[in-house]
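What follows is a single structure, written as structure tokens, with notes after it.
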Amino acid sequence: MKKEVNKKVFFEILAIILIALFCISLTPKTLQNDTFYTIKIGEHIIQNKGIDMKDPFSWHENLSYTYPHWLYDVMIYLIYNIGGMTGIYISTCIFSLILGITIYKVNEKLVKNKVLSFVITIGAMYLLKGYITARAQLVTFILFELELFCIERLLDTCKKRYGIGLIIISILMANLHVAVWPFFFVLYLPYIAEFIIYCIEEHMAKKFGKEVKQGDKLEMQKRPGMKYLIIVMIICALTGFLTPLGTTPYTYLYKTMQGNTTQNINEHLPMTLINEENILCALVLFLAVLIFTKTKIRLCDLFMLGGLILLMLMTKRQSTMFVLMCSVILNRLIYGWITSQVKDFDDKVLNFAMNGFGVFMLSSVIIMFCLYFIKPKLKQAYIDPNTYPVEMSDWILEYFEREQIDLSEVRLFNEYNYGSYLLFRGIPVFIDSRCDLYSPEYNPGVTVFDDFIASSNLNDWFEMRLAKYNFTHMILYKDSKMNMIIERGNLDGYKLLKQDNNFVFYEVTR
């Protein structure tokens, strides 16, 4: 018995170490554009000792800003203030490994196995690798996984600590990333739906003197903690007021969905499965287990799986929630099937994993994957000069200082993808990746986002569209459509001041 316990402990330690190494290897070194404005907003909040609900970084006047992830912004600024870009990278590695270990522990606790939970976790982190970056979403991924655990445990045990945990998670989400706070409540719905259907079935069975039947592939449960879950859900609905943002947690997502910003941002577009091979393979695996095995699926799991697949097809960003939540469901299905076919499966697979050969093979495979993912990152810079105008920003700041041009009087046209870097450098911007800021849903009458999209895509003549802004200068990607027209068409009114391999900088003279 003691020997078996030692094997479980040793495997637990090995699994956590290997998961941590794998998660660190997946973490990108090059920063993503949202990180730049995150740092500056955190700095602004600290320096102003509070949230003013106004935008300080664009040259447009009197724009209201909701500060949708103010707490994360402050946290990232403090990390940057201590450790610079290296600090940001290290913190992202830490959040990544915390996410991986959380997925593993939640799977292990809910499905009651170790080796399969380890394999599922490695697969889940691989599918999430494109979303591991210094953004608020990385922290909320951890919170969503913990929410799933607390919901399941509250339903099964009725213990207060899990209800308190859900309330704390709700408060944190409302302050860390207000855009995803409504999704906190979506995860309750499969359990409530199962409870309602079970109650209807139970009522009908009693009426006709029968028992509630369980299907060959589907099972329902009336779990003892449902009333506590509903009470906690009602309490959590009020936690949106526990922020300095007023009613923003209740209105942010609705306003965002009313506009067209989500239709022009890649991660918000509908998913094309044929282009997402990894997700397609995961769906095929689900179908194979459900169709070709005798394992049963819980009704709440079926609702969760179906709902998240639908959301994922509507917007590819929700593939993250599909991976986080459905990893547990897949684990439960596979484990149920294997244990029905193989006696003492846990002991057998643990014995194999913990003998000398098993440890060597397991460690070798994960370490080889780690080396594969981390090797390209060794020579990467924190800021990609091909994507962001690093040298050009240096030159622009020197030019304005040399020519004694007041930055507050500059009306610079810039493109969406690097606007956040410009404001990070202290250059007031026309637009950046805080797309909601530049839409009429948040600032009535403001059409900056629409004007930029129409101009950059040449949906109409860009000079007519942009004439109302009275630009003094323009910075463009060298290969952008607008620059090719200005350059090859020899348009009047644009004086080339500087160009490098990736960017051009004009003075607008008309």
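Ligands are numbered from 1 in the order shown, chains are lettered A, B, ... in the order of the structure tokens, and residues start at 1 in each chain.
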May I have the residues within 9 Å of Glu391 (chain A) as a ChimeraX atom specification, using only C-alpha atoms and disregarding those fewer than 5 positions away in the same chain?
/A:385,396,500
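Every protein, DNA or RNA residue with an atom at most 7 Å from Thr38 (chain A), where only C-alpha atoms count and chain neighbours fewer than 4 positions away do not, is listed here: Asp34, Gly42 and Asp73 of chain A.
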Best match for closeness to Val390 (chain A) among A:Leu116, A:Leu422, A:Leu242, A:Ala174, counting only C-alpha atoms:
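Between A:Leu116, A:Leu422, A:Leu242, A:Ala174, the residue approaching Val390 (chain A) most closely is A:Leu422.
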Which of region 238-474 of chain A counts as helix (DSSP H, G or I) under DSSP, as a PyMOL selection string please?
chain A and resi 239-241+248-258+261-264+266-268+273-275+277-292+299-314+316-341+345-354+356-377+390-402+407-409+416-424+435-438+448-456+462-469
Could you give me, as a list in words, the residues within 12 Å of Gly87 (chain A), counting only C-alpha atoms and dropping anything in the same chain fewer than 4 positions from it?
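Listed by chain and then number, they are Lys29, Leu31, Ile39, Met75, Ile76, Tyr77, Leu78, Ile79, Tyr80, Asn81, Ile82, Gly83, Ser91, Thr92, Cys93, Ile94, Ala134 and Tyr382 of chain A.
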So, with only C-alpha atoms as the atoms that count, which of A:Met361, A:Leu128, A:Met474, A:Leu155 lies closest to Phe322 (chain A)?
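Answer, going by the shortest atom-to-atom distance: A:Leu128.
With only C-alpha atoms as the atoms that count, the residue of A:Leu127, A:Leu378, A:Ile122, A:Phe185 with the shortest distance to Phe144 (chain A) is A:Phe185.
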Extract, using only C-alpha atoms, all DNA, RNA and protein residues at most 8 Å from Thr66 (chain A), discarding same-chain residues fewer than 3 positions from it, and format them as a PyMOL selection string.
chain A and resi 53-54+245+248
Save the residues we just selected, all heavy atoms, as a CSV table (one decimal), in the first residue's frame?
```
chain,number,residue,atom,x,y,z
A,53,MET,N,-12.0,57.0,-16.5
A,53,MET,CA,-12.9,56.6,-17.5
A,53,MET,C,-12.8,57.5,-18.8
A,53,MET,O,-13.7,57.6,-19.6
A,53,MET,CB,-14.4,56.7,-17.1
A,53,MET,CG,-14.7,55.8,-15.8
A,53,MET,SD,-14.4,54.1,-16.1
A,53,MET,CE,-15.8,53.6,-17.0
A,54,LYS,N,-11.6,58.0,-19.0
A,54,LYS,CA,-11.2,58.8,-20.2
A,54,LYS,C,-10.0,58.2,-20.8
A,54,LYS,O,-9.1,57.7,-20.1
A,54,LYS,CB,-11.0,60.3,-19.8
A,54,LYS,CG,-12.2,61.0,-19.3
A,54,LYS,CD,-13.2,61.2,-20.4
A,54,LYS,CE,-14.4,62.0,-19.9
A,54,LYS,NZ,-15.5,62.2,-21.0
A,245,LEU,N,-15.8,50.4,-12.2
A,245,LEU,CA,-16.2,50.6,-13.6
A,245,LEU,C,-17.7,50.9,-13.7
A,245,LEU,O,-18.2,51.0,-14.8
A,245,LEU,CB,-15.8,49.5,-14.5
A,245,LEU,CG,-14.4,49.0,-14.4
A,245,LEU,CD1,-14.2,47.8,-15.4
A,245,LEU,CD2,-13.4,50.1,-14.8
A,248,THR,N,-20.3,48.9,-16.2
A,248,THR,CA,-19.6,48.3,-17.4
A,248,THR,C,-19.7,46.8,-17.5
A,248,THR,O,-19.9,46.3,-18.6
A,248,THR,CB,-18.1,48.8,-17.4
A,248,THR,OG1,-18.1,50.2,-17.5
A,248,THR,CG2,-17.4,48.2,-18.6
```
Mind pulling up the distance from CA of Val106 (chain A) to CA of Leu148 (chain A)?
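Taking CA of Leu148 (chain A) and CA of Val106 (chain A), their separation equals 8.3 Å.
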